[in-house]
$ cat upload-v7.txt   # compact mmCIF, C-alpha atoms and all ligand atoms
# COMPACT_ATOMS: atom_id res chain seq x y z
CA MET W 174 -80.16 -77.83 -73.35
CA THR W 175 -78.12 -79.18 -70.46
CA THR W 176 -75.81 -82.11 -70.73
CA ALA W 177 -76.03 -84.77 -68.08
CA THR W 178 -73.27 -87.16 -69.11
CA LEU W 179 -70.92 -87.61 -71.99
CA GLU W 180 -68.63 -90.34 -73.23
CA ARG W 181 -66.12 -90.47 -76.06
CA LEU W 182 -65.03 -93.69 -77.71
CA ALA W 183 -62.50 -94.33 -80.43
CA VAL W 184 -63.45 -96.83 -83.11
CA SER W 185 -60.66 -98.67 -84.86
CA THR W 186 -61.65 -102.32 -84.55
CA ASP W 187 -64.66 -104.58 -84.70
CA ALA W 188 -64.55 -104.90 -80.92
CA ASP W 189 -64.82 -101.12 -80.65
CA VAL W 190 -68.10 -101.26 -82.55
CA VAL W 191 -69.39 -103.69 -79.93
CA ARG W 192 -68.23 -101.31 -77.19
CA VAL W 193 -70.02 -98.42 -78.90
CA ARG W 194 -73.22 -100.43 -78.96
CA GLN W 195 -72.92 -101.23 -75.27
CA ALA W 196 -72.17 -97.63 -74.27
CA VAL W 197 -74.97 -96.26 -76.43
CA ARG W 198 -77.37 -98.78 -74.91
CA THR W 199 -76.51 -97.53 -71.41
CA PHE W 200 -77.07 -93.91 -72.41
CA ALA W 201 -80.35 -94.71 -74.16
CA GLN W 202 -81.53 -96.41 -70.97
CA GLN W 203 -80.46 -93.41 -68.89
CA ALA W 204 -82.44 -91.20 -71.25
CA ARG W 205 -85.45 -93.40 -70.45
CA LEU W 206 -86.14 -94.39 -74.04
CA SER W 207 -88.65 -97.17 -74.57
CA LEU W 208 -87.21 -100.61 -75.31
CA VAL W 209 -88.12 -100.26 -78.97
CA ASP W 210 -86.51 -96.83 -79.26
CA GLN W 211 -83.44 -98.04 -77.39
CA THR W 212 -83.03 -100.96 -79.75
CA LYS W 213 -83.52 -98.73 -82.79
CA PHE W 214 -81.02 -96.19 -81.53
CA VAL W 215 -78.43 -98.84 -80.66
CA THR W 216 -78.85 -100.44 -84.07
CA ALA W 217 -78.39 -97.09 -85.83
CA ALA W 218 -75.27 -96.47 -83.74
CA SER W 219 -73.97 -99.89 -84.76
CA GLU W 220 -74.47 -99.07 -88.45
CA LEU W 221 -72.80 -95.68 -88.21
CA ALA W 222 -69.87 -96.91 -86.14
CA ARG W 223 -69.27 -99.72 -88.61
CA ASN W 224 -69.46 -97.39 -91.59
CA MET W 225 -66.88 -95.23 -89.88
CA LEU W 226 -64.67 -98.28 -89.42
CA VAL W 227 -65.17 -99.76 -92.88
CA TYR W 228 -65.32 -96.66 -95.06
CA GLY W 229 -63.87 -93.89 -92.91
CA GLY W 230 -60.81 -95.76 -91.64
CA GLY W 231 -62.00 -95.46 -88.06
CA GLY W 232 -63.10 -92.45 -86.06
CA ASP W 233 -64.58 -91.16 -82.86
CA VAL W 234 -67.98 -91.47 -81.26
CA GLU W 235 -69.39 -89.05 -78.78
CA VAL W 236 -72.54 -90.02 -76.93
CA GLU W 237 -74.47 -88.07 -74.35
CA VAL W 238 -77.74 -87.83 -72.53
CA VAL W 239 -79.45 -84.55 -73.27
CA SER W 240 -82.38 -82.80 -71.69
CA ASP W 241 -84.51 -79.83 -72.61
CA GLY W 242 -86.09 -79.56 -69.19
CA ARG W 243 -89.17 -81.55 -70.11
CA ARG W 244 -87.83 -84.53 -71.94
CA THR W 245 -84.59 -86.44 -71.97
CA GLY W 246 -82.90 -87.83 -75.02
CA VAL W 247 -79.78 -89.51 -76.26
CA ARG W 248 -77.51 -87.95 -78.82
CA ALA W 249 -74.55 -89.51 -80.59
CA ALA W 250 -72.06 -88.14 -83.09
CA PHE W 251 -69.85 -90.24 -85.37
CA ALA W 252 -66.89 -88.43 -86.87
CA ASP W 253 -64.19 -89.78 -89.15
CA GLU W 254 -61.51 -88.22 -91.27
CA GLY W 255 -61.94 -90.64 -94.13
CA PRO W 256 -62.64 -89.95 -97.81
CA GLY W 257 -66.08 -88.46 -97.21
CA ILE W 258 -69.17 -89.34 -99.25
CA PRO W 259 -69.07 -87.92 -102.77
CA ASP W 260 -72.75 -88.49 -103.61
CA LEU W 261 -74.84 -88.33 -100.48
CA ASP W 262 -78.18 -88.89 -102.21
CA LEU W 263 -76.85 -92.07 -103.72
CA ALA W 264 -75.38 -93.22 -100.40
CA LEU W 265 -78.76 -92.63 -98.77
CA THR W 266 -80.54 -94.76 -101.35
CA ASP W 267 -81.91 -98.01 -99.95
CA GLY W 268 -79.79 -100.89 -101.13
CA TRP W 269 -76.90 -98.87 -102.52
CA THR W 270 -73.49 -99.97 -101.36
CA SER W 271 -69.99 -99.25 -102.61
CA GLY W 272 -68.78 -102.30 -100.73
CA GLY W 273 -70.45 -105.64 -100.22
CA GLY W 274 -73.02 -104.54 -97.65
CA LEU W 275 -76.80 -104.49 -97.75
CA GLY W 276 -76.72 -100.75 -98.44
CA LEU W 277 -79.24 -100.11 -95.70
CA GLY W 278 -77.02 -98.72 -92.96
CA LEU W 279 -77.31 -95.02 -93.70
CA SER W 280 -80.82 -94.93 -95.10
CA GLY W 281 -82.06 -97.36 -92.46
CA SER W 282 -80.44 -95.48 -89.57
CA ARG W 283 -82.24 -92.36 -90.66
CA ARG W 284 -85.53 -94.19 -90.18
CA LEU W 285 -84.49 -95.61 -86.82
CA VAL W 286 -83.88 -92.34 -84.98
CA GLY W 287 -85.67 -89.09 -84.21
CA GLN W 288 -83.09 -86.73 -85.65
CA PHE W 289 -80.46 -87.46 -88.25
CA SER W 290 -77.95 -85.18 -89.91
CA ILE W 291 -74.86 -85.75 -92.05
CA ASP W 292 -72.00 -83.43 -92.74
CA THR W 293 -69.64 -84.77 -95.38
CA ALA W 294 -67.60 -83.73 -98.38
CA PRO W 295 -65.07 -85.52 -100.58
CA GLY W 296 -61.76 -85.52 -98.77
CA ALA W 297 -63.20 -83.84 -95.70
CA GLY W 298 -64.40 -86.81 -93.68
CA THR W 299 -67.89 -87.61 -92.50
CA ARG W 300 -69.80 -86.60 -89.42
CA VAL W 301 -73.20 -88.08 -88.64
CA GLU W 302 -75.26 -86.97 -85.70
CA ILE W 303 -78.33 -88.78 -84.40
CA ALA W 304 -80.70 -88.14 -81.54
CA THR W 305 -83.87 -89.68 -80.15
CA TRP W 306 -86.01 -88.14 -77.43
CA SER W 307 -88.04 -89.95 -74.82
CA ARG W 308 -91.75 -89.79 -75.45
CA MET F 85 -26.46 -87.80 -51.79
CA PRO F 86 -25.83 -87.83 -55.56
CA PRO F 87 -22.93 -85.71 -56.88
CA VAL F 88 -25.36 -83.35 -58.63
CA ALA F 89 -28.53 -82.35 -56.81
CA MET F 90 -31.59 -83.41 -58.79
CA GLN F 91 -33.06 -79.95 -58.17
CA SER F 92 -30.26 -78.34 -60.18
CA LEU F 93 -30.93 -80.76 -63.03
CA ALA F 94 -34.54 -79.68 -62.93
CA GLN F 95 -33.33 -76.11 -63.31
CA ILE F 96 -31.22 -77.06 -66.33
CA LEU F 97 -34.21 -78.78 -67.96
CA THR F 98 -36.39 -75.75 -67.33
CA ASP F 99 -33.77 -73.34 -68.71
CA HIS F 100 -33.29 -75.36 -71.87
CA ALA F 101 -36.82 -76.70 -72.16
CA ASP F 102 -37.36 -75.60 -75.75
CA ALA F 103 -34.13 -77.08 -77.12
CA VAL F 104 -34.54 -80.34 -75.20
CA ARG F 105 -38.15 -80.79 -76.17
CA SER F 106 -37.64 -80.01 -79.82
CA ALA F 107 -34.76 -82.50 -80.18
CA TRP F 108 -36.88 -85.03 -78.31
CA ILE F 109 -39.98 -84.59 -80.42
CA THR F 110 -38.02 -84.68 -83.66
CA ALA F 111 -36.52 -88.02 -82.68
CA VAL F 112 -39.91 -89.45 -81.74
CA ALA F 113 -41.72 -88.07 -84.77
CA ASP F 114 -39.10 -89.69 -87.01
CA GLU F 115 -39.74 -93.03 -85.39
CA LEU F 116 -43.53 -92.77 -85.22
CA ARG F 117 -44.07 -91.15 -88.57
CA GLY F 118 -47.73 -91.37 -89.41
CA ARG F 119 -48.67 -93.41 -86.35
CA THR F 120 -49.79 -90.43 -84.35
CA SER F 121 -50.21 -86.71 -84.95
CA ARG F 122 -47.59 -84.15 -83.98
CA GLY F 123 -50.09 -82.26 -81.85
CA GLU F 124 -50.87 -85.42 -79.93
CA LEU F 125 -47.16 -86.09 -79.39
CA GLU F 126 -46.58 -82.53 -78.24
CA ARG F 127 -49.35 -82.72 -75.67
CA GLU F 128 -48.09 -86.05 -74.42
CA GLN F 129 -44.51 -84.82 -74.14
CA ALA F 130 -45.52 -81.62 -72.41
CA ASP F 131 -47.25 -83.73 -69.75
CA ILE F 132 -44.27 -86.04 -69.34
CA PHE F 133 -41.77 -83.19 -69.33
CA ASP F 134 -43.66 -81.15 -66.74
CA ALA F 135 -44.17 -84.12 -64.47
CA LEU F 136 -40.48 -85.00 -64.78
CA VAL F 137 -39.32 -81.48 -63.89
CA GLU F 138 -41.74 -81.29 -61.03
CA GLY F 139 -40.60 -84.64 -59.67
CA LEU F 140 -36.96 -83.56 -59.85
CA GLN F 141 -37.74 -80.28 -58.11
CA ARG F 142 -39.33 -82.22 -55.31
CA GLY F 143 -36.14 -84.26 -54.91
CA GLY F 144 -37.04 -87.41 -56.81
CA GLU F 145 -34.04 -89.48 -57.88
CA ARG F 146 -35.33 -92.88 -58.89
CA ILE F 147 -38.43 -93.72 -60.87
CA GLY F 148 -40.00 -95.41 -57.85
CA ASP F 149 -39.69 -92.32 -55.62
CA GLU F 150 -42.84 -90.64 -54.41
CA PRO F 151 -42.20 -87.31 -56.24
CA PHE F 152 -42.53 -89.26 -59.50
CA ASP F 153 -45.96 -90.71 -58.70
CA GLN F 154 -47.63 -88.45 -61.21
CA LEU F 155 -45.04 -89.15 -63.89
CA ARG F 156 -45.52 -92.89 -63.50
CA GLY F 157 -49.26 -92.38 -63.79
CA ILE F 158 -48.86 -90.49 -67.05
CA LEU F 159 -46.45 -93.05 -68.48
CA SER F 160 -48.70 -95.98 -67.71
CA ASP F 161 -51.68 -94.18 -69.26
CA VAL F 162 -49.70 -93.47 -72.42
CA SER F 163 -48.48 -97.08 -72.53
CA SER F 164 -51.88 -98.65 -72.20
CA ALA F 165 -53.34 -96.26 -74.77
CA ARG F 166 -50.55 -97.29 -77.15
CA ALA F 167 -51.13 -100.96 -76.42
CA ARG F 168 -54.81 -100.57 -77.28
CA LEU F 169 -53.96 -98.79 -80.50
CA GLY F 170 -51.72 -101.65 -81.54
CA PHE F 171 -48.35 -99.89 -81.22
CA THR F 172 -45.32 -102.14 -80.88
CA PRO F 173 -43.33 -102.12 -77.61
CA ARG F 174 -40.56 -100.32 -79.46
CA GLU F 175 -42.87 -97.62 -80.80
CA THR F 176 -44.11 -97.09 -77.28
CA ALA F 177 -40.80 -96.99 -75.43
CA VAL F 178 -39.08 -94.82 -78.02
CA GLY F 179 -41.32 -91.95 -76.96
CA VAL F 180 -39.47 -91.88 -73.66
CA PHE F 181 -35.98 -93.02 -74.64
CA ALA F 182 -35.83 -90.29 -77.29
CA LEU F 183 -35.72 -87.72 -74.49
CA LYS F 184 -32.04 -88.63 -74.36
CA GLU F 185 -31.57 -86.94 -77.74
CA GLY F 186 -32.57 -83.73 -76.02
CA LEU F 187 -30.18 -84.36 -73.11
CA TYR F 188 -27.21 -85.16 -75.37
CA GLY F 189 -27.68 -81.76 -76.97
CA LEU F 190 -27.26 -79.94 -73.66
CA SER F 191 -23.48 -79.72 -73.80
CA ALA F 192 -23.73 -77.99 -77.16
CA GLN F 193 -25.97 -75.52 -75.35
CA GLY F 194 -23.07 -74.70 -73.03
CA VAL F 195 -24.26 -76.83 -70.14
CA THR F 196 -21.22 -78.18 -68.26
CA THR F 197 -23.05 -79.99 -65.48
CA ASP F 198 -22.88 -83.77 -65.58
CA VAL F 199 -26.32 -84.95 -66.64
CA THR F 200 -25.57 -88.66 -66.22
CA PRO F 201 -28.14 -89.01 -63.40
CA LEU F 202 -30.79 -87.71 -65.79
CA LEU F 203 -29.76 -90.15 -68.50
CA ARG F 204 -29.97 -92.96 -65.99
CA LEU F 205 -33.39 -91.77 -64.93
CA VAL F 206 -34.59 -91.72 -68.55
CA ASP F 207 -33.47 -95.34 -68.86
CA GLU F 208 -35.61 -96.18 -65.88
CA LEU F 209 -38.55 -94.28 -67.34
CA GLY F 210 -38.15 -96.16 -70.60
CA LEU F 211 -38.08 -99.52 -68.87
CA PHE F 212 -41.06 -98.57 -66.76
CA THR F 213 -42.93 -97.66 -69.96
CA PHE F 214 -41.95 -101.00 -71.43
CA GLU F 215 -43.28 -102.83 -68.38
CA SER F 216 -46.54 -100.87 -68.33
CA PHE F 217 -46.99 -101.59 -72.00
CA ALA F 218 -46.46 -105.31 -71.43
CA ALA F 219 -48.91 -105.30 -68.52
CA ALA F 220 -51.51 -103.46 -70.60
CA ARG F 221 -51.08 -105.92 -73.45
CA GLU F 222 -51.49 -108.79 -71.02
CA ALA F 223 -54.71 -107.27 -69.72
CA ILE F 224 -56.05 -106.80 -73.23
CA ILE F 225 -55.31 -110.41 -74.13
CA VAL F 226 -57.05 -111.68 -71.01
CA GLU F 227 -60.02 -109.43 -71.74
CA GLN F 228 -60.24 -110.67 -75.31
CA SER F 229 -60.05 -114.32 -74.44
CA GLU F 230 -62.74 -113.79 -71.83
CA GLN F 231 -64.91 -112.23 -74.49
CA LEU F 232 -64.21 -115.17 -76.74
CA LEU F 233 -65.19 -117.66 -74.08
CA GLU F 234 -68.33 -115.76 -73.24
CA LEU F 235 -69.08 -115.56 -76.92
CA SER F 236 -68.44 -119.13 -77.97
CA THR F 237 -71.73 -120.46 -79.15
CA PRO F 238 -72.65 -124.10 -79.15
CA VAL F 239 -74.34 -125.61 -82.14
CA VAL F 240 -76.35 -128.57 -80.90
CA LYS F 241 -78.34 -131.34 -82.46
CA ILE F 242 -81.64 -130.99 -80.63
CA TRP F 243 -83.51 -133.71 -82.46
CA GLU F 244 -82.85 -136.29 -85.11
CA GLY F 245 -82.32 -134.21 -88.24
CA VAL F 246 -82.50 -130.84 -86.48
CA VAL F 247 -79.59 -128.71 -85.32
CA ALA F 248 -80.02 -125.48 -83.43
CA VAL F 249 -77.83 -122.60 -82.40
CA PRO F 250 -78.89 -120.10 -79.79
CA LEU F 251 -77.14 -116.79 -80.45
CA VAL F 252 -76.42 -114.92 -77.27
CA GLY F 253 -74.99 -111.49 -76.56
CA THR F 254 -73.66 -108.74 -78.72
CA LEU F 255 -72.54 -110.04 -82.07
CA ASP F 256 -69.54 -108.78 -83.90
CA SER F 257 -68.63 -109.69 -87.42
CA ALA F 258 -65.96 -112.26 -86.63
CA ARG F 259 -68.12 -114.10 -84.16
CA THR F 260 -71.23 -114.19 -86.32
CA GLN F 261 -69.11 -115.60 -89.12
CA VAL F 262 -67.71 -118.35 -86.88
CA VAL F 263 -71.14 -119.29 -85.60
CA MET F 264 -72.58 -119.51 -89.08
CA GLU F 265 -69.72 -121.64 -90.35
CA THR F 266 -70.04 -123.95 -87.37
CA LEU F 267 -73.72 -124.27 -88.04
CA LEU F 268 -73.20 -125.26 -91.66
CA ASN F 269 -70.52 -127.79 -90.68
CA THR F 270 -72.76 -129.32 -88.05
CA LEU F 271 -75.55 -129.66 -90.60
CA VAL F 272 -73.23 -131.75 -92.74
CA GLU F 273 -71.73 -133.78 -89.90
CA THR F 274 -75.09 -134.74 -88.45
CA GLY F 275 -76.80 -135.16 -91.81
CA SER F 276 -79.55 -132.84 -90.65
CA ALA F 277 -82.11 -131.24 -92.92
CA HIS F 278 -83.15 -128.49 -90.53
CA ALA F 279 -81.29 -125.71 -88.81
CA ILE F 280 -82.77 -123.35 -86.27
CA ILE F 281 -81.05 -120.10 -85.43
CA ASP F 282 -82.49 -118.69 -82.24
CA ILE F 283 -81.84 -115.02 -81.65
CA THR F 284 -83.76 -114.54 -78.40
CA GLY F 285 -80.51 -113.59 -76.66
CA VAL F 286 -79.38 -111.05 -79.21
CA PRO F 287 -79.93 -107.44 -78.11
CA ALA F 288 -79.67 -105.91 -81.58
CA VAL F 289 -79.69 -107.09 -85.17
CA ASP F 290 -77.96 -104.67 -87.51
CA THR F 291 -77.51 -105.02 -91.25
CA GLN F 292 -74.27 -106.91 -90.82
CA VAL F 293 -75.76 -109.54 -88.55
CA ALA F 294 -78.76 -109.73 -90.86
CA GLN F 295 -76.49 -110.22 -93.84
CA HIS F 296 -74.71 -113.09 -92.08
CA LEU F 297 -78.07 -114.66 -91.25
CA LEU F 298 -79.29 -114.30 -94.82
CA LYS F 299 -76.10 -115.79 -96.24
CA THR F 300 -76.30 -118.72 -93.86
CA VAL F 301 -79.87 -119.45 -94.85
CA VAL F 302 -78.94 -119.38 -98.52
CA ALA F 303 -75.91 -121.60 -97.95
CA ALA F 304 -77.99 -124.06 -95.93
CA ARG F 305 -80.52 -124.22 -98.74
CA LEU F 306 -77.79 -124.96 -101.25
CA MET F 307 -76.91 -127.89 -99.04
CA GLY F 308 -80.49 -129.05 -99.14
CA ALA F 309 -81.33 -127.94 -95.60
CA GLU F 310 -83.97 -125.52 -94.39
CA CYS F 311 -83.27 -122.76 -91.87
CA THR F 312 -85.69 -121.23 -89.43
CA ILE F 313 -84.96 -118.09 -87.46
CA SER F 314 -86.67 -118.08 -84.10
CA GLY F 315 -86.92 -115.74 -81.15
CA ILE F 316 -87.25 -112.45 -83.02
CA ARG F 317 -88.49 -110.23 -80.22
CA PRO F 318 -90.89 -107.33 -80.92
CA GLN F 319 -88.28 -104.58 -80.63
CA ILE F 320 -85.94 -106.48 -82.95
CA ALA F 321 -88.74 -107.10 -85.45
CA GLN F 322 -89.61 -103.39 -85.52
CA THR F 323 -85.98 -102.43 -85.94
CA ILE F 324 -85.47 -104.88 -88.79
CA VAL F 325 -88.54 -103.54 -90.57
CA ALA F 326 -87.48 -99.90 -90.11
CA LEU F 327 -83.99 -100.70 -91.39
CA GLY F 328 -85.59 -102.07 -94.52
CA ILE F 329 -84.14 -105.57 -94.26
CA GLU F 330 -86.21 -108.14 -96.09
CA PHE F 331 -86.10 -111.66 -94.82
CA GLY F 332 -88.08 -112.68 -97.88
CA ASP F 333 -89.36 -116.22 -97.68
CA ILE F 334 -87.16 -117.16 -94.76
CA ARG F 335 -89.14 -119.06 -92.20
CA THR F 336 -89.41 -117.32 -88.84
CA ARG F 337 -91.04 -118.58 -85.67
CA ALA F 338 -91.72 -116.95 -82.32
CA THR F 339 -89.85 -119.48 -80.22
CA LEU F 340 -87.32 -122.21 -80.61
CA ALA F 341 -89.97 -124.74 -79.56
CA ASP F 342 -92.33 -123.56 -82.30
CA ALA F 343 -89.51 -123.83 -84.79
CA LEU F 344 -88.73 -127.37 -83.69
CA VAL F 345 -92.35 -128.49 -83.90
CA ASP F 346 -92.47 -126.99 -87.34
CA ALA F 347 -89.32 -128.75 -88.49
CA LEU F 348 -90.62 -132.10 -87.28
CA ARG F 349 -93.94 -131.54 -88.96
CA SER F 350 -92.39 -130.75 -92.31
CA ASP F 351 -90.27 -133.88 -91.94
CA ARG F 352 -93.42 -135.92 -91.51
CA ARG F 353 -94.95 -134.21 -94.55
CA THR F 354 -91.90 -135.07 -96.61
CA ALA F 355 -92.06 -138.63 -95.35
CA ALA F 356 -95.76 -138.78 -96.22
CA THR F 357 -95.11 -137.49 -99.73
CA VAL F 358 -92.43 -140.08 -100.24
CA LEU F 359 -94.73 -142.84 -99.05
CA ALA F 360 -97.64 -141.69 -101.20
N1 LIG L 401 -68.28 -92.82 -92.97
C1 LIG L 401 -68.31 -93.00 -94.30
N2 LIG L 401 -67.28 -92.58 -95.06
C2 LIG L 401 -67.28 -92.78 -96.41
N3 LIG L 401 -68.27 -93.38 -97.08
C3 LIG L 401 -69.33 -93.84 -96.38
C4 LIG L 401 -69.40 -93.67 -94.95
N4 LIG L 401 -70.57 -94.19 -94.54
C5 LIG L 401 -71.19 -94.67 -95.63
N5 LIG L 401 -70.45 -94.46 -96.73
C6 LIG L 401 -70.83 -94.81 -98.13
O1 LIG L 401 -72.23 -94.97 -98.18
C7 LIG L 401 -72.56 -96.26 -98.69
C8 LIG L 401 -73.84 -96.74 -98.05
O2 LIG L 401 -73.65 -97.00 -96.67
P1 LIG L 401 -74.64 -97.97 -95.94
O3 LIG L 401 -76.02 -97.51 -96.21
O4 LIG L 401 -74.24 -98.09 -94.52
O5 LIG L 401 -74.45 -99.35 -96.70
P2 LIG L 401 -73.27 -100.43 -96.64
O6 LIG L 401 -72.48 -100.17 -95.40
O7 LIG L 401 -73.98 -101.72 -96.61
O8 LIG L 401 -72.45 -100.22 -97.87
C9 LIG L 401 -71.36 -97.10 -98.37
O9 LIG L 401 -71.29 -98.22 -99.23
C10 LIG L 401 -70.23 -96.12 -98.57
O10 LIG L 401 -69.90 -95.99 -99.92
MG MG L 402 -73.11 -99.64 -93.55
$ encode --input "upload-v7.txt" --output "structure tokens" --more "lines below"
Ligand SMILES: Nc1ncnc2c1ncn2[C@@H]1O[C@H](COP(=O)(O)OP(=O)(O)O)[C@@H](O)[C@H]1O
Ligand SMILES: [Mg+2]
Amino acid sequence: MTTATLERLAVSTDADVVRVRQAVRTFAQQARLSLVDQTKFVTAASELARNMLVYGGGGDVEVEVVSDGRRTGVRAAFADEGPGIPDLDLALTDGWTSGGGLGLGLSGSRRLVGQFSIDTAPGAGTRVEIATWSR
Amino acid sequence: MPPVAMQSLAQILTDHADAVRSAWITAVADELRGRTSRGELEREQADIFDALVEGLQRGGERIGDEPFDQLRGILSDVSSARARLGFTPRETAVGVFALKEGLYGLSAQGVTTDVTPLLRLVDELGLFTFESFAAAREAIIVEQSEQLLELSTPVVKIWEGVVAVPLVGTLDSARTQVVMETLLNTLVETGSAHAIIDITGVPAVDTQVAQHLLKTVVAARLMGAECTISGIRPQIAQTIVALGIEFGDIRTRATLADALVDALRSDRRTAATVLA
């Protein structure tokens, strides 16, 4: 897998979440995703960046265009050093929120992208990685 | 020609690098406790220190001299990064001024050379940092107010009894909130029974935007008004469905025009019922 381009963004404010969305949109376009897949990917990125801001106390986003020789894709990683997610199954349940949200950010993001993985533990922060490949 | 050649001061800094840098970093870390990590500070200081020594070796005397080009570059990068992270001017400048702590310690290290020119130079570096920070802050403020302008969304009465708001651009939480409050206020002020929120210009609807929309619709209903959301484009519709957001019985229409026609029709129906 060769990397074409990469960008890192810090998220510590609402405005940063907007910037993440804009950057991710550009990468998804570069990866030649369809408009629907672009929109889904950008929306997932928005959810994950906001979770990082709201629950993780801010963090870093890394986004890149990836290629396996045949297809291109966009990959993004969201890493924070917040409290982590104690019960991941619960957090991934539609409608469950520990705050005042809709509780659809994590579970919904998983449905919006091609690949979705979470690495988290209490006290050890949270890292979510998503990727979608062009068709 | 200064009494002490800058090159020899560079040599002194190099010889006592460890002592100078550790006194420096201790002073900064005290001041910035918790604001930034020690590793980050160390990297930053190593860059500044190296660029300073190199500039001195190349004969630089004043901050504006060409040998300090790189140093100025580093300082302005650090300053604008700090400005973006919300550091105060003091927290930013202290990172440079604290280098003096390291210089004061030199005599205890047996250095007899007069380091006054270095102290003076550090003052200049500190002021330069201050200025860069102020300039960066200025730029951020301009940028933000531009965003605000671009983002301000007009709520308009498009027909007797119907107000509409076209949402345009990328929505953040603060802005969505403002728009929704404005919409509710305008409903009251104009005595309208219908509100149309058109999202044709919105590139993405995430759960937060959706939540604001849902709350607005509920609030409008409590005020006796009906909300229609128009302009949900296909990619947005698919995303909303995949996210699992339920708009329930909220009225949606393809275009703002459809929504308006609809609102007028239901007005006529209500009128007819009243007459009957
Ligand atoms: N980065 C994170 N760090 C800690 N907890 C998180 C993080 N992301 C999500 N969570 C937890 O998972 C829950 C569900 O998240 P989500 O599905 O996005 O819903 P919502 O944001 O509406 O609460 C959150 O309420 C929170 O408790
Ligand atoms: Mg969320």
$ residues_near_ligand --input "upload-v7.txt" --ligand "ligand LIG 401 (chain L)" --cutoff "6 Å" --atoms "only C-alpha atoms and all ligand atoms" --output "PyMOL selection string"
chain W and resi 224-225+228-229+255-258+264+269-272+274-280+299
$ closest_atom_pairs --input "upload-v7.txt" --of "chain W" --to "chain F" --cutoff "9 Å" --atoms "all atoms listed in the file" --output "JSON lines"
{"residue": "W:Ser185", "atom": "CA", "partner": "F:Leu169", "partner_atom": "CA", "distance": 8.0}
{"residue": "W:Asp187", "atom": "CA", "partner": "F:Asp256", "partner_atom": "CA", "distance": 6.5}
{"residue": "W:Ala188", "atom": "CA", "partner": "F:Asp256", "partner_atom": "CA", "distance": 7.0}
{"residue": "W:Val190", "atom": "CA", "partner": "F:Asp256", "partner_atom": "CA", "distance": 7.8}
{"residue": "W:Val191", "atom": "CA", "partner": "F:Asp256", "partner_atom": "CA", "distance": 6.5}
{"residue": "W:Arg194", "atom": "CA", "partner": "F:Thr254", "partner_atom": "CA", "distance": 8.3}
{"residue": "W:Gln195", "atom": "CA", "partner": "F:Thr254", "partner_atom": "CA", "distance": 8.3}
{"residue": "W:Leu208", "atom": "CA", "partner": "F:Gln319", "partner_atom": "CA", "distance": 6.7}
{"residue": "W:Val209", "atom": "CA", "partner": "F:Gln319", "partner_atom": "CA", "distance": 4.6}
{"residue": "W:Asp210", "atom": "CA", "partner": "F:Gln319", "partner_atom": "CA", "distance": 8.1}
{"residue": "W:Gln211", "atom": "CA", "partner": "F:Gln319", "partner_atom": "CA", "distance": 8.8}
{"residue": "W:Thr212", "atom": "CA", "partner": "F:Ala288", "partner_atom": "CA", "distance": 6.3}
{"residue": "W:Lys213", "atom": "CA", "partner": "F:Thr323", "partner_atom": "CA", "distance": 5.4}
{"residue": "W:Val215", "atom": "CA", "partner": "F:Ala288", "partner_atom": "CA", "distance": 7.2}
{"residue": "W:Thr216", "atom": "CA", "partner": "F:Asp290", "partner_atom": "CA", "distance": 5.5}
{"residue": "W:Ala217", "atom": "CA", "partner": "F:Asp290", "partner_atom": "CA", "distance": 7.8}
{"residue": "W:Ser219", "atom": "CA", "partner": "F:Asp290", "partner_atom": "CA", "distance": 6.8}
{"residue": "W:Glu220", "atom": "CA", "partner": "F:Asp290", "partner_atom": "CA", "distance": 6.7}
{"residue": "W:Asp267", "atom": "CA", "partner": "F:Gly328", "partner_atom": "CA", "distance": 7.7}
{"residue": "W:Gly268", "atom": "CA", "partner": "F:Gly328", "partner_atom": "CA", "distance": 8.9}
{"residue": "W:Gly274", "atom": "CA", "partner": "F:Gln292", "partner_atom": "CA", "distance": 7.3}
{"residue": "W:Leu275", "atom": "CA", "partner": "F:Thr291", "partner_atom": "CA", "distance": 6.6}
{"residue": "W:Gly276", "atom": "CA", "partner": "F:Thr291", "partner_atom": "CA", "distance": 8.4}
{"residue": "W:Leu277", "atom": "CA", "partner": "F:Leu327", "partner_atom": "CA", "distance": 6.4}
{"residue": "W:Gly278", "atom": "CA", "partner": "F:Thr291", "partner_atom": "CA", "distance": 6.5}
{"residue": "W:Ser280", "atom": "CA", "partner": "F:Leu327", "partner_atom": "CA", "distance": 7.6}
{"residue": "W:Gly281", "atom": "CA", "partner": "F:Leu327", "partner_atom": "CA", "distance": 4.0}
{"residue": "W:Ser282", "atom": "CA", "partner": "F:Leu327", "partner_atom": "CA", "distance": 6.6}
{"residue": "W:Arg283", "atom": "CA", "partner": "F:Leu327", "partner_atom": "CA", "distance": 8.6}
{"residue": "W:Arg284", "atom": "CA", "partner": "F:Ala326", "partner_atom": "CA", "distance": 6.0}
{"residue": "W:Leu285", "atom": "CA", "partner": "F:Ala326", "partner_atom": "CA", "distance": 6.2}
$ atom_distance --input "upload-v7.txt" --atom1 "CA of Leu93 in chain F" --atom2 "CA of Thr110 in chain F"
22.2 Å
$ closest_residue --input "upload-v7.txt" --among "F:Val226, F:Val263, F:Ala182, F:Val293" --to "ligand MG 402 (chain L)" --atoms "only C-alpha atoms and all ligand atoms"
F:Val293
$ residues_around --input "upload-v7.txt" --residues "Ser216 in chain F" --least-positions-apart "4" --cutoff "9 Å" --atoms "only C-alpha atoms" --output "list in words"
Leu159, Ser160, Asp161, Ser163, Ser164, Leu211, Phe212, Ala220 and Arg221 of chain F
$ atom_distance --input "upload-v7.txt" --atom1 "CA of Ile225 in chain F" --atom2 "CA of Ala196 in chain W"
21.2 Å
